[in-house]
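Peer 1: Next comes the structure file structure.cif, holding mmCIF, N, CA and C atoms.
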```
data_input
#
loop_
_atom_site.group_PDB
_atom_site.id
_atom_site.type_symbol
_atom_site.label_atom_id
_atom_site.label_comp_id
_atom_site.auth_asym_id
_atom_site.auth_seq_id
_atom_site.Cartn_x
_atom_site.Cartn_y
_atom_site.Cartn_z
ATOM 1 N N MET B 441 -29.916 -6.410 -14.700
ATOM 2 C CA MET B 441 -29.844 -5.094 -15.263
ATOM 3 C C MET B 441 -28.404 -4.866 -15.740
ATOM 4 N N THR B 442 -28.242 -4.371 -16.964
ATOM 5 C CA THR B 442 -26.930 -4.108 -17.517
ATOM 6 C C THR B 442 -26.619 -2.629 -17.423
ATOM 7 N N THR B 443 -25.383 -2.375 -17.143
ATOM 8 C CA THR B 443 -24.960 -0.970 -17.092
ATOM 9 C C THR B 443 -23.966 -0.718 -18.210
ATOM 10 N N SER B 444 -23.949 0.476 -18.675
ATOM 11 C CA SER B 444 -22.986 0.817 -19.728
ATOM 12 C C SER B 444 -21.619 1.016 -19.103
ATOM 13 N N PRO B 445 -20.561 0.591 -19.838
ATOM 14 C CA PRO B 445 -19.218 0.730 -19.268
ATOM 15 C C PRO B 445 -18.800 2.187 -19.188
ATOM 16 N N THR B 446 -18.083 2.508 -18.163
ATOM 17 C CA THR B 446 -17.565 3.871 -18.025
ATOM 18 C C THR B 446 -16.185 3.943 -18.674
ATOM 19 N N THR B 447 -15.670 5.133 -18.772
ATOM 20 C CA THR B 447 -14.369 5.306 -19.407
ATOM 21 C C THR B 447 -13.267 4.633 -18.611
ATOM 22 N N ASN B 448 -13.437 4.473 -17.327
ATOM 23 C CA ASN B 448 -12.429 3.819 -16.501
ATOM 24 C C ASN B 448 -12.399 2.315 -16.731
ATOM 25 N N ASP B 449 -13.506 1.741 -17.179
ATOM 26 C CA ASP B 449 -13.587 0.302 -17.398
ATOM 27 C C ASP B 449 -13.015 -0.114 -18.746
ATOM 28 N N LEU B 450 -12.881 0.813 -19.701
ATOM 29 C CA LEU B 450 -12.383 0.485 -21.035
ATOM 30 C C LEU B 450 -10.864 0.354 -21.012
ATOM 31 N N PRO B 451 -10.317 -0.578 -21.796
ATOM 32 C CA PRO B 451 -8.854 -0.657 -21.855
ATOM 33 C C PRO B 451 -8.276 0.590 -22.527
ATOM 34 N N ARG B 452 -7.116 1.004 -22.060
ATOM 35 C CA ARG B 452 -6.470 2.202 -22.586
ATOM 36 C C ARG B 452 -5.753 1.875 -23.881
ATOM 37 N N ARG B 453 -5.929 2.661 -24.920
ATOM 38 C CA ARG B 453 -5.261 2.473 -26.205
ATOM 39 C C ARG B 453 -4.544 3.757 -26.583
ATOM 40 N N GLY B 454 -3.432 3.595 -27.338
ATOM 41 C CA GLY B 454 -2.704 4.757 -27.827
ATOM 42 C C GLY B 454 -1.628 5.207 -26.854
ATOM 43 N N PHE B 455 -1.030 6.352 -27.176
ATOM 44 C CA PHE B 455 0.064 6.893 -26.395
ATOM 45 C C PHE B 455 -0.299 8.297 -25.938
ATOM 46 N N THR B 456 0.265 8.697 -24.834
ATOM 47 C CA THR B 456 0.044 10.067 -24.378
ATOM 48 C C THR B 456 1.009 10.993 -25.103
ATOM 49 N N LEU B 457 0.710 12.246 -25.037
ATOM 50 C CA LEU B 457 1.556 13.241 -25.681
ATOM 51 C C LEU B 457 2.963 13.250 -25.071
ATOM 52 N N ILE B 458 3.056 13.052 -23.785
ATOM 53 C CA ILE B 458 4.367 13.025 -23.121
ATOM 54 C C ILE B 458 5.189 11.848 -23.626
ATOM 55 N N GLU B 459 4.571 10.679 -23.772
ATOM 56 C CA GLU B 459 5.294 9.512 -24.278
ATOM 57 C C GLU B 459 5.816 9.758 -25.693
ATOM 58 N N LEU B 460 5.009 10.353 -26.544
ATOM 59 C CA LEU B 460 5.444 10.663 -27.907
ATOM 60 C C LEU B 460 6.594 11.672 -27.916
ATOM 61 N N CYS B 461 6.528 12.671 -27.058
ATOM 62 C CA CYS B 461 7.605 13.670 -26.989
ATOM 63 C C CYS B 461 8.909 13.028 -26.530
ATOM 64 N N VAL B 462 8.839 12.134 -25.541
ATOM 65 C CA VAL B 462 10.052 11.466 -25.059
ATOM 66 C C VAL B 462 10.673 10.639 -26.171
ATOM 67 N N VAL B 463 9.861 9.919 -26.926
ATOM 68 C CA VAL B 463 10.377 9.104 -28.033
ATOM 69 C C VAL B 463 11.017 9.990 -29.095
ATOM 70 N N LEU B 464 10.390 11.119 -29.441
ATOM 71 C CA LEU B 464 10.958 12.030 -30.438
ATOM 72 C C LEU B 464 12.290 12.619 -29.962
ATOM 73 N N ILE B 465 12.388 12.922 -28.680
ATOM 74 C CA ILE B 465 13.645 13.452 -28.141
ATOM 75 C C ILE B 465 14.730 12.385 -28.220
ATOM 76 N N LEU B 466 14.404 11.146 -27.888
ATOM 77 C CA LEU B 466 15.391 10.064 -27.966
ATOM 78 C C LEU B 466 15.849 9.832 -29.402
ATOM 79 N N ILE B 467 14.927 9.879 -30.340
ATOM 80 C CA ILE B 467 15.292 9.720 -31.758
ATOM 81 C C ILE B 467 16.204 10.869 -32.193
ATOM 82 N N GLY B 468 15.877 12.079 -31.779
ATOM 83 C CA GLY B 468 16.701 13.239 -32.116
ATOM 84 C C GLY B 468 18.110 13.134 -31.558
ATOM 85 N N LEU B 469 18.240 12.697 -30.318
ATOM 86 C CA LEU B 469 19.571 12.537 -29.717
ATOM 87 C C LEU B 469 20.368 11.449 -30.431
ATOM 88 N N THR B 470 19.703 10.361 -30.766
ATOM 89 C CA THR B 470 20.384 9.280 -31.477
ATOM 90 C C THR B 470 20.894 9.761 -32.830
ATOM 91 N N LEU B 471 20.069 10.489 -33.572
ATOM 92 C CA LEU B 471 20.494 11.011 -34.869
ATOM 93 C C LEU B 471 21.617 12.026 -34.732
ATOM 94 N N THR B 472 21.557 12.838 -33.683
ATOM 95 C CA THR B 472 22.600 13.830 -33.459
ATOM 96 C C THR B 472 23.955 13.165 -33.240
ATOM 97 N N LEU B 473 23.950 12.034 -32.554
ATOM 98 C CA LEU B 473 25.205 11.327 -32.306
ATOM 99 C C LEU B 473 25.650 10.501 -33.501
ATOM 100 N N ALA B 474 24.713 9.956 -34.265
ATOM 101 C CA ALA B 474 25.063 9.021 -35.341
ATOM 102 C C ALA B 474 25.400 9.714 -36.663
ATOM 103 N N LEU B 475 24.762 10.794 -36.998
ATOM 104 C CA LEU B 475 24.951 11.409 -38.315
ATOM 105 C C LEU B 475 26.371 11.904 -38.581
ATOM 106 N N PRO B 476 27.063 12.531 -37.641
ATOM 107 C CA PRO B 476 28.444 12.947 -37.951
ATOM 108 C C PRO B 476 29.346 11.766 -38.299
ATOM 109 N N ARG B 477 29.169 10.654 -37.626
ATOM 110 C CA ARG B 477 29.974 9.475 -37.936
ATOM 111 C C ARG B 477 29.602 8.909 -39.297
ATOM 112 N N TYR B 478 28.332 8.886 -39.605
ATOM 113 C CA TYR B 478 27.885 8.359 -40.896
ATOM 114 C C TYR B 478 28.330 9.273 -42.033
ATOM 115 N N GLY B 479 28.295 10.591 -41.820
ATOM 116 C CA GLY B 479 28.752 11.534 -42.839
ATOM 117 C C GLY B 479 30.220 11.338 -43.160
ATOM 118 N N GLY B 480 31.047 11.094 -42.149
ATOM 119 C CA GLY B 480 32.458 10.823 -42.368
ATOM 120 C C GLY B 480 32.663 9.552 -43.167
ATOM 121 N N PHE B 481 31.819 8.571 -42.927
ATOM 122 C CA PHE B 481 31.892 7.317 -43.678
ATOM 123 C C PHE B 481 31.621 7.568 -45.153
ATOM 124 N N LEU B 482 30.642 8.411 -45.453
ATOM 125 C CA LEU B 482 30.321 8.701 -46.852
ATOM 126 C C LEU B 482 31.473 9.414 -47.544
ATOM 127 N N ILE B 483 32.105 10.352 -46.855
ATOM 128 C CA ILE B 483 33.217 11.093 -47.452
ATOM 129 C C ILE B 483 34.399 10.158 -47.686
ATOM 130 N N ARG B 484 34.733 9.337 -46.673
ATOM 131 C CA ARG B 484 35.850 8.406 -46.831
ATOM 132 C C ARG B 484 35.568 7.394 -47.933
ATOM 133 N N GLY B 485 34.318 6.946 -48.035
ATOM 134 C CA GLY B 485 33.962 5.994 -49.088
ATOM 135 C C GLY B 485 34.130 6.595 -50.469
ATOM 136 N N GLY B 486 33.774 7.871 -50.620
ATOM 137 C CA GLY B 486 33.950 8.547 -51.901
ATOM 138 C C GLY B 486 35.418 8.727 -52.253
ATOM 139 N N MET B 487 36.238 9.022 -51.243
ATOM 140 C CA MET B 487 37.676 9.182 -51.494
ATOM 141 C C MET B 487 38.294 7.849 -51.887
ATOM 142 N N ARG B 488 37.846 6.763 -51.252
ATOM 143 C CA ARG B 488 38.363 5.445 -51.627
ATOM 144 C C ARG B 488 37.992 5.117 -53.062
ATOM 145 N N SER B 489 36.794 5.448 -53.452
ATOM 146 C CA SER B 489 36.343 5.193 -54.818
ATOM 147 C C SER B 489 37.184 5.988 -55.821
ATOM 148 N N ASP B 490 37.428 7.258 -55.510
ATOM 149 C CA ASP B 490 38.266 8.079 -56.390
ATOM 150 C C ASP B 490 39.685 7.529 -56.460
ATOM 151 N N ALA B 491 40.212 7.091 -55.320
ATOM 152 C CA ALA B 491 41.570 6.534 -55.301
ATOM 153 C C ALA B 491 41.642 5.261 -56.152
ATOM 154 N N ARG B 492 40.596 4.440 -56.082
ATOM 155 C CA ARG B 492 40.578 3.226 -56.911
ATOM 156 C C ARG B 492 40.544 3.566 -58.396
ATOM 157 N N ARG B 493 39.755 4.579 -58.754
ATOM 158 C CA ARG B 493 39.679 4.973 -60.167
ATOM 159 C C ARG B 493 41.008 5.515 -60.660
ATOM 160 N N ILE B 494 41.678 6.328 -59.844
ATOM 161 C CA ILE B 494 42.980 6.881 -60.237
ATOM 162 C C ILE B 494 44.005 5.758 -60.355
ATOM 163 N N SER B 495 43.964 4.819 -59.426
ATOM 164 C CA SER B 495 44.879 3.678 -59.474
ATOM 165 C C SER B 495 44.644 2.841 -60.732
ATOM 166 N N ALA B 496 43.384 2.601 -61.065
ATOM 167 C CA ALA B 496 43.065 1.844 -62.282
ATOM 168 C C ALA B 496 43.525 2.598 -63.526
ATOM 169 N N LEU B 497 43.351 3.907 -63.536
ATOM 170 C CA LEU B 497 43.808 4.711 -64.668
ATOM 171 C C LEU B 497 45.322 4.634 -64.806
ATOM 172 N N ALA B 498 46.035 4.715 -63.678
ATOM 173 C CA ALA B 498 47.498 4.649 -63.727
ATOM 174 C C ALA B 498 47.962 3.286 -64.247
ATOM 175 N N ARG B 499 47.309 2.206 -63.806
ATOM 176 C CA ARG B 499 47.673 0.869 -64.314
ATOM 177 C C ARG B 499 47.400 0.767 -65.813
ATOM 178 N N TYR B 500 46.267 1.301 -66.253
ATOM 179 C CA TYR B 500 45.934 1.272 -67.677
ATOM 180 C C TYR B 500 46.966 2.055 -68.497
ATOM 181 N N LEU B 501 47.319 3.249 -68.014
ATOM 182 C CA LEU B 501 48.287 4.069 -68.746
ATOM 183 C C LEU B 501 49.672 3.429 -68.748
ATOM 184 N N SER B 502 50.006 2.714 -67.682
ATOM 185 C CA SER B 502 51.273 1.994 -67.652
ATOM 186 C C SER B 502 51.296 0.918 -68.733
ATOM 187 N N CYS B 503 50.198 0.201 -68.872
ATOM 188 C CA CYS B 503 50.104 -0.821 -69.933
ATOM 189 C C CYS B 503 50.170 -0.179 -71.315
ATOM 190 N N GLU B 504 49.490 0.940 -71.482
ATOM 191 C CA GLU B 504 49.514 1.635 -72.769
ATOM 192 C C GLU B 504 50.918 2.132 -73.094
ATOM 193 N N ALA B 505 51.630 2.637 -72.083
ATOM 194 C CA ALA B 505 52.997 3.110 -72.299
ATOM 195 C C ALA B 505 53.889 1.945 -72.720
ATOM 196 N N SER B 506 53.709 0.792 -72.108
ATOM 197 C CA SER B 506 54.495 -0.386 -72.502
ATOM 198 C C SER B 506 54.153 -0.823 -73.917
ATOM 199 N N ARG B 507 52.868 -0.755 -74.243
ATOM 200 C CA ARG B 507 52.416 -1.211 -75.556
ATOM 201 C C ARG B 507 52.867 -0.287 -76.676
ATOM 202 N N THR B 508 52.768 1.029 -76.458
ATOM 203 C CA THR B 508 53.072 1.996 -77.520
ATOM 204 C C THR B 508 54.516 2.490 -77.483
ATOM 205 N N GLY B 509 55.193 2.345 -76.339
ATOM 206 C CA GLY B 509 56.559 2.853 -76.217
ATOM 207 C C GLY B 509 56.610 4.354 -76.020
ATOM 208 N N ARG B 510 55.486 4.969 -75.681
ATOM 209 C CA ARG B 510 55.446 6.419 -75.457
ATOM 210 C C ARG B 510 55.083 6.701 -74.000
ATOM 211 N N THR B 511 55.591 7.802 -73.488
ATOM 212 C CA THR B 511 55.324 8.178 -72.101
ATOM 213 C C THR B 511 53.945 8.799 -71.992
ATOM 214 N N HIS B 512 53.187 8.352 -70.990
ATOM 215 C CA HIS B 512 51.855 8.898 -70.711
ATOM 216 C C HIS B 512 51.917 9.663 -69.393
ATOM 217 N N TYR B 513 51.233 10.799 -69.333
ATOM 218 C CA TYR B 513 51.222 11.650 -68.153
ATOM 219 C C TYR B 513 49.792 11.833 -67.661
ATOM 220 N N ILE B 514 49.639 11.918 -66.335
ATOM 221 C CA ILE B 514 48.354 12.294 -65.733
ATOM 222 C C ILE B 514 48.575 13.642 -65.067
ATOM 223 N N ASP B 515 47.851 14.654 -65.519
ATOM 224 C CA ASP B 515 47.932 15.995 -64.934
ATOM 225 C C ASP B 515 46.652 16.242 -64.139
ATOM 226 N N PHE B 516 46.797 16.563 -62.858
ATOM 227 C CA PHE B 516 45.646 16.827 -61.996
ATOM 228 C C PHE B 516 45.419 18.320 -61.879
ATOM 229 N N GLU B 517 44.187 18.742 -62.089
ATOM 230 C CA GLU B 517 43.793 20.136 -61.891
ATOM 231 C C GLU B 517 42.922 20.162 -60.646
ATOM 232 N N VAL B 518 43.568 20.398 -59.510
ATOM 233 C CA VAL B 518 42.911 20.260 -58.220
ATOM 234 C C VAL B 518 41.781 21.268 -58.052
ATOM 235 N N GLY B 519 41.984 22.491 -58.457
ATOM 236 C CA GLY B 519 40.956 23.513 -58.305
ATOM 237 C C GLY B 519 39.674 23.188 -59.051
ATOM 238 N N LYS B 520 39.795 22.462 -60.142
ATOM 239 C CA LYS B 520 38.628 22.107 -60.960
ATOM 240 C C LYS B 520 38.161 20.679 -60.712
ATOM 241 N N ASP B 521 38.888 19.921 -59.873
ATOM 242 C CA ASP B 521 38.595 18.502 -59.627
ATOM 243 C C ASP B 521 38.554 17.714 -60.927
ATOM 244 N N GLU B 522 39.546 17.928 -61.763
ATOM 245 C CA GLU B 522 39.641 17.241 -63.049
ATOM 246 C C GLU B 522 41.046 16.691 -63.239
ATOM 247 N N TYR B 523 41.169 15.788 -64.190
ATOM 248 C CA TYR B 523 42.478 15.300 -64.580
ATOM 249 C C TYR B 523 42.557 15.294 -66.100
ATOM 250 N N ARG B 524 43.773 15.309 -66.598
ATOM 251 C CA ARG B 524 44.001 15.279 -68.038
ATOM 252 C C ARG B 524 45.098 14.269 -68.309
ATOM 253 N N VAL B 525 44.918 13.445 -69.322
ATOM 254 C CA VAL B 525 45.928 12.483 -69.730
ATOM 255 C C VAL B 525 46.575 13.009 -70.998
ATOM 256 N N THR B 526 47.913 13.074 -70.985
ATOM 257 C CA THR B 526 48.635 13.505 -72.174
ATOM 258 C C THR B 526 49.673 12.441 -72.520
ATOM 259 N N VAL B 527 50.059 12.440 -73.792
ATOM 260 C CA VAL B 527 51.017 11.460 -74.292
ATOM 261 C C VAL B 527 52.187 12.209 -74.905
ATOM 262 N N ASP B 528 53.406 11.753 -74.592
ATOM 263 C CA ASP B 528 54.602 12.347 -75.176
ATOM 264 C C ASP B 528 54.642 11.991 -76.656
ATOM 265 N N ALA B 529 54.547 13.004 -77.492
ATOM 266 C CA ALA B 529 54.516 12.783 -78.942
ATOM 267 C C ALA B 529 55.781 13.335 -79.583
ATOM 268 N N GLY B 530 56.918 13.096 -78.965
ATOM 269 C CA GLY B 530 58.184 13.538 -79.547
ATOM 270 C C GLY B 530 58.384 15.022 -79.454
ATOM 271 N N GLY B 531 58.658 15.538 -78.291
ATOM 272 C CA GLY B 531 58.951 16.960 -78.122
ATOM 273 C C GLY B 531 57.770 17.745 -77.583
ATOM 274 N N HIS B 532 56.585 17.272 -77.767
ATOM 275 C CA HIS B 532 55.427 17.950 -77.181
ATOM 276 C C HIS B 532 54.458 16.894 -76.651
ATOM 277 N N ARG B 533 53.581 17.355 -75.793
ATOM 278 C CA ARG B 533 52.633 16.426 -75.177
ATOM 279 C C ARG B 533 51.268 16.613 -75.805
ATOM 280 N N ALA B 534 50.795 15.581 -76.483
ATOM 281 C CA ALA B 534 49.483 15.648 -77.128
ATOM 282 C C ALA B 534 48.400 15.272 -76.123
ATOM 283 N N LYS B 535 47.345 16.078 -76.096
ATOM 284 C CA LYS B 535 46.234 15.809 -75.189
ATOM 285 C C LYS B 535 45.496 14.574 -75.677
ATOM 286 N N GLU B 536 45.238 13.631 -74.761
ATOM 287 C CA GLU B 536 44.540 12.420 -75.141
ATOM 288 C C GLU B 536 43.141 12.332 -74.560
ATOM 289 N N ALA B 537 42.986 12.540 -73.262
ATOM 290 C CA ALA B 537 41.676 12.372 -72.633
ATOM 291 C C ALA B 537 41.605 13.245 -71.387
ATOM 292 N N ALA B 538 40.395 13.514 -70.932
ATOM 293 C CA ALA B 538 40.179 14.273 -69.710
ATOM 294 C C ALA B 538 38.961 13.714 -69.001
ATOM 295 N N GLY B 539 38.873 13.968 -67.709
ATOM 296 C CA GLY B 539 37.724 13.493 -66.937
ATOM 297 C C GLY B 539 37.642 14.201 -65.603
ATOM 298 N N ALA B 540 36.521 13.981 -64.925
ATOM 299 C CA ALA B 540 36.297 14.587 -63.617
ATOM 300 C C ALA B 540 36.783 13.661 -62.523
ATOM 301 N N LEU B 541 37.375 14.226 -61.476
ATOM 302 C CA LEU B 541 37.821 13.393 -60.350
ATOM 303 C C LEU B 541 36.650 12.970 -59.497
ATOM 304 N N ALA B 542 35.841 13.897 -59.059
ATOM 305 C CA ALA B 542 34.716 13.578 -58.181
ATOM 306 C C ALA B 542 33.429 13.587 -58.977
ATOM 307 N N GLU B 543 32.714 12.498 -58.880
ATOM 308 C CA GLU B 543 31.436 12.403 -59.613
ATOM 309 C C GLU B 543 30.315 12.157 -58.640
#
```
What is this structure when it is put down as structure tokens?

Peer 2:
Amino acid sequence: MTTSPTTNDLPRRGFTLIELCVVLILIGLTLTLALPRYGGFLIRGGMRSDARRISALARYLSCEASRTGRTHYIDFEVGKDEYRVTVDAGGHRAKEAAGALAE
């Protein structure tokens, strides 16, 4: 004679609600500790990128000044996060180019 299996005889599958809550709490704590450090990394990485671009611009303008024999200036507008390149045109500074610092 065969009997039908009871719920106690079946293997248990899945997770309990308590187990899921514990995992979610652990994930939340991990993110709480990791995100401030990661956010700082993103800001520092952006500043390094901007510094590299400004350095490349300064090297380029130095070469242009040597090539043309005219003084080149970089004017930073901090409030607007922009820069302007001007060239000494004999008594006045002619505007040459402009761009954004942070992109």

Peer 1: Using only C-alpha atoms, tabulate the residues of range 459-502 of chain B lying at most 12 Å from any atom of range 508-519 of chain B, each with its closest atom pair and that distance in Å to one decimal, by chain and increasing residue number, as a Markdown table.

Peer 2:
```
| residue | atom | partner | partner_atom | distance |
| --- | --- | --- | --- | --- |
| B:Ile494 | CA | B:Ile514 | CA | 9.4 |
| B:Ser495 | CA | B:Ile514 | CA | 11.2 |
| B:Leu497 | CA | B:Ile514 | CA | 8.9 |
| B:Ala498 | CA | B:Ile514 | CA | 8.0 |
| B:Arg499 | CA | B:His512 | CA | 11.1 |
| B:Tyr500 | CA | B:His512 | CA | 10.1 |
| B:Leu501 | CA | B:His512 | CA | 6.3 |
| B:Ser502 | CA | B:His512 | CA | 7.6 |
```

Peer 1: Determine which residues of range 465-523 of chain B DSSP labels as helix (DSSP H, G or I) from the backbone of this structure, then write them out as a compact mmCIF listing (two decimals) with N, CA and C atoms, in the coordinates of the input.

Peer 2:
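The result, written out as out_3.txt:
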```
# COMPACT_ATOMS: atom_id res chain seq x y z
N ILE B 465 12.39 12.92 -28.68
CA ILE B 465 13.64 13.45 -28.14
C ILE B 465 14.73 12.38 -28.22
N LEU B 466 14.40 11.15 -27.89
CA LEU B 466 15.39 10.06 -27.97
C LEU B 466 15.85 9.83 -29.40
N ILE B 467 14.93 9.88 -30.34
CA ILE B 467 15.29 9.72 -31.76
C ILE B 467 16.20 10.87 -32.19
N GLY B 468 15.88 12.08 -31.78
CA GLY B 468 16.70 13.24 -32.12
C GLY B 468 18.11 13.13 -31.56
N LEU B 469 18.24 12.70 -30.32
CA LEU B 469 19.57 12.54 -29.72
C LEU B 469 20.37 11.45 -30.43
N THR B 470 19.70 10.36 -30.77
CA THR B 470 20.38 9.28 -31.48
C THR B 470 20.89 9.76 -32.83
N LEU B 471 20.07 10.49 -33.57
CA LEU B 471 20.49 11.01 -34.87
C LEU B 471 21.62 12.03 -34.73
N THR B 472 21.56 12.84 -33.68
CA THR B 472 22.60 13.83 -33.46
C THR B 472 23.96 13.16 -33.24
N LEU B 473 23.95 12.03 -32.55
CA LEU B 473 25.20 11.33 -32.31
C LEU B 473 25.65 10.50 -33.50
N ALA B 474 24.71 9.96 -34.26
CA ALA B 474 25.06 9.02 -35.34
C ALA B 474 25.40 9.71 -36.66
N LEU B 475 24.76 10.79 -37.00
CA LEU B 475 24.95 11.41 -38.32
C LEU B 475 26.37 11.90 -38.58
N PRO B 476 27.06 12.53 -37.64
CA PRO B 476 28.44 12.95 -37.95
C PRO B 476 29.35 11.77 -38.30
N ARG B 477 29.17 10.65 -37.63
CA ARG B 477 29.97 9.48 -37.94
C ARG B 477 29.60 8.91 -39.30
N TYR B 478 28.33 8.89 -39.60
CA TYR B 478 27.88 8.36 -40.90
C TYR B 478 28.33 9.27 -42.03
N GLY B 479 28.30 10.59 -41.82
CA GLY B 479 28.75 11.53 -42.84
C GLY B 479 30.22 11.34 -43.16
N GLY B 480 31.05 11.09 -42.15
CA GLY B 480 32.46 10.82 -42.37
C GLY B 480 32.66 9.55 -43.17
N PHE B 481 31.82 8.57 -42.93
CA PHE B 481 31.89 7.32 -43.68
C PHE B 481 31.62 7.57 -45.15
N LEU B 482 30.64 8.41 -45.45
CA LEU B 482 30.32 8.70 -46.85
C LEU B 482 31.47 9.41 -47.54
N ILE B 483 32.10 10.35 -46.86
CA ILE B 483 33.22 11.09 -47.45
C ILE B 483 34.40 10.16 -47.69
N ARG B 484 34.73 9.34 -46.67
CA ARG B 484 35.85 8.41 -46.83
C ARG B 484 35.57 7.39 -47.93
N GLY B 485 34.32 6.95 -48.04
CA GLY B 485 33.96 5.99 -49.09
C GLY B 485 34.13 6.60 -50.47
N GLY B 486 33.77 7.87 -50.62
CA GLY B 486 33.95 8.55 -51.90
C GLY B 486 35.42 8.73 -52.25
N MET B 487 36.24 9.02 -51.24
CA MET B 487 37.68 9.18 -51.49
C MET B 487 38.29 7.85 -51.89
N ARG B 488 37.85 6.76 -51.25
CA ARG B 488 38.36 5.44 -51.63
C ARG B 488 37.99 5.12 -53.06
N SER B 489 36.79 5.45 -53.45
CA SER B 489 36.34 5.19 -54.82
C SER B 489 37.18 5.99 -55.82
N ASP B 490 37.43 7.26 -55.51
CA ASP B 490 38.27 8.08 -56.39
C ASP B 490 39.68 7.53 -56.46
N ALA B 491 40.21 7.09 -55.32
CA ALA B 491 41.57 6.53 -55.30
C ALA B 491 41.64 5.26 -56.15
N ARG B 492 40.60 4.44 -56.08
CA ARG B 492 40.58 3.23 -56.91
C ARG B 492 40.54 3.57 -58.40
N ARG B 493 39.76 4.58 -58.75
CA ARG B 493 39.68 4.97 -60.17
C ARG B 493 41.01 5.52 -60.66
N ILE B 494 41.68 6.33 -59.84
CA ILE B 494 42.98 6.88 -60.24
C ILE B 494 44.00 5.76 -60.36
N SER B 495 43.96 4.82 -59.43
CA SER B 495 44.88 3.68 -59.47
C SER B 495 44.64 2.84 -60.73
N ALA B 496 43.38 2.60 -61.06
CA ALA B 496 43.06 1.84 -62.28
C ALA B 496 43.52 2.60 -63.53
N LEU B 497 43.35 3.91 -63.54
CA LEU B 497 43.81 4.71 -64.67
C LEU B 497 45.32 4.63 -64.81
N ALA B 498 46.04 4.72 -63.68
CA ALA B 498 47.50 4.65 -63.73
C ALA B 498 47.96 3.29 -64.25
N ARG B 499 47.31 2.21 -63.81
CA ARG B 499 47.67 0.87 -64.31
C ARG B 499 47.40 0.77 -65.81
N TYR B 500 46.27 1.30 -66.25
CA TYR B 500 45.93 1.27 -67.68
C TYR B 500 46.97 2.06 -68.50
N LEU B 501 47.32 3.25 -68.01
CA LEU B 501 48.29 4.07 -68.75
C LEU B 501 49.67 3.43 -68.75
N SER B 502 50.01 2.71 -67.68
CA SER B 502 51.27 1.99 -67.65
C SER B 502 51.30 0.92 -68.73
N CYS B 503 50.20 0.20 -68.87
CA CYS B 503 50.10 -0.82 -69.93
C CYS B 503 50.17 -0.18 -71.32
N GLU B 504 49.49 0.94 -71.48
CA GLU B 504 49.51 1.64 -72.77
C GLU B 504 50.92 2.13 -73.09
N ALA B 505 51.63 2.64 -72.08
CA ALA B 505 53.00 3.11 -72.30
C ALA B 505 53.89 1.94 -72.72
N SER B 506 53.71 0.79 -72.11
CA SER B 506 54.50 -0.39 -72.50
C SER B 506 54.15 -0.82 -73.92
N ARG B 507 52.87 -0.76 -74.24
CA ARG B 507 52.42 -1.21 -75.56
C ARG B 507 52.87 -0.29 -76.68
N THR B 508 52.77 1.03 -76.46
CA THR B 508 53.07 2.00 -77.52
C THR B 508 54.52 2.49 -77.48
N VAL B 518 43.57 20.40 -59.51
CA VAL B 518 42.91 20.26 -58.22
C VAL B 518 41.78 21.27 -58.05
N GLY B 519 41.98 22.49 -58.46
CA GLY B 519 40.96 23.51 -58.30
C GLY B 519 39.67 23.19 -59.05
N LYS B 520 39.80 22.46 -60.14
CA LYS B 520 38.63 22.11 -60.96
C LYS B 520 38.16 20.68 -60.71
```

Peer 1: Between atom N of Gly454 in chain B and atom N of Leu466 in chain B, what is the spacing in Å?

Peer 2: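 Separation of atom N of Leu466 in chain B and atom N of Gly454 in chain B: 19.4 Å.
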
Peer 1: State, in Å with one decimal place, the distance from CA of Arg493 in chain B to atom C of Val527 in chain B.

Peer 2: 20.6 Å
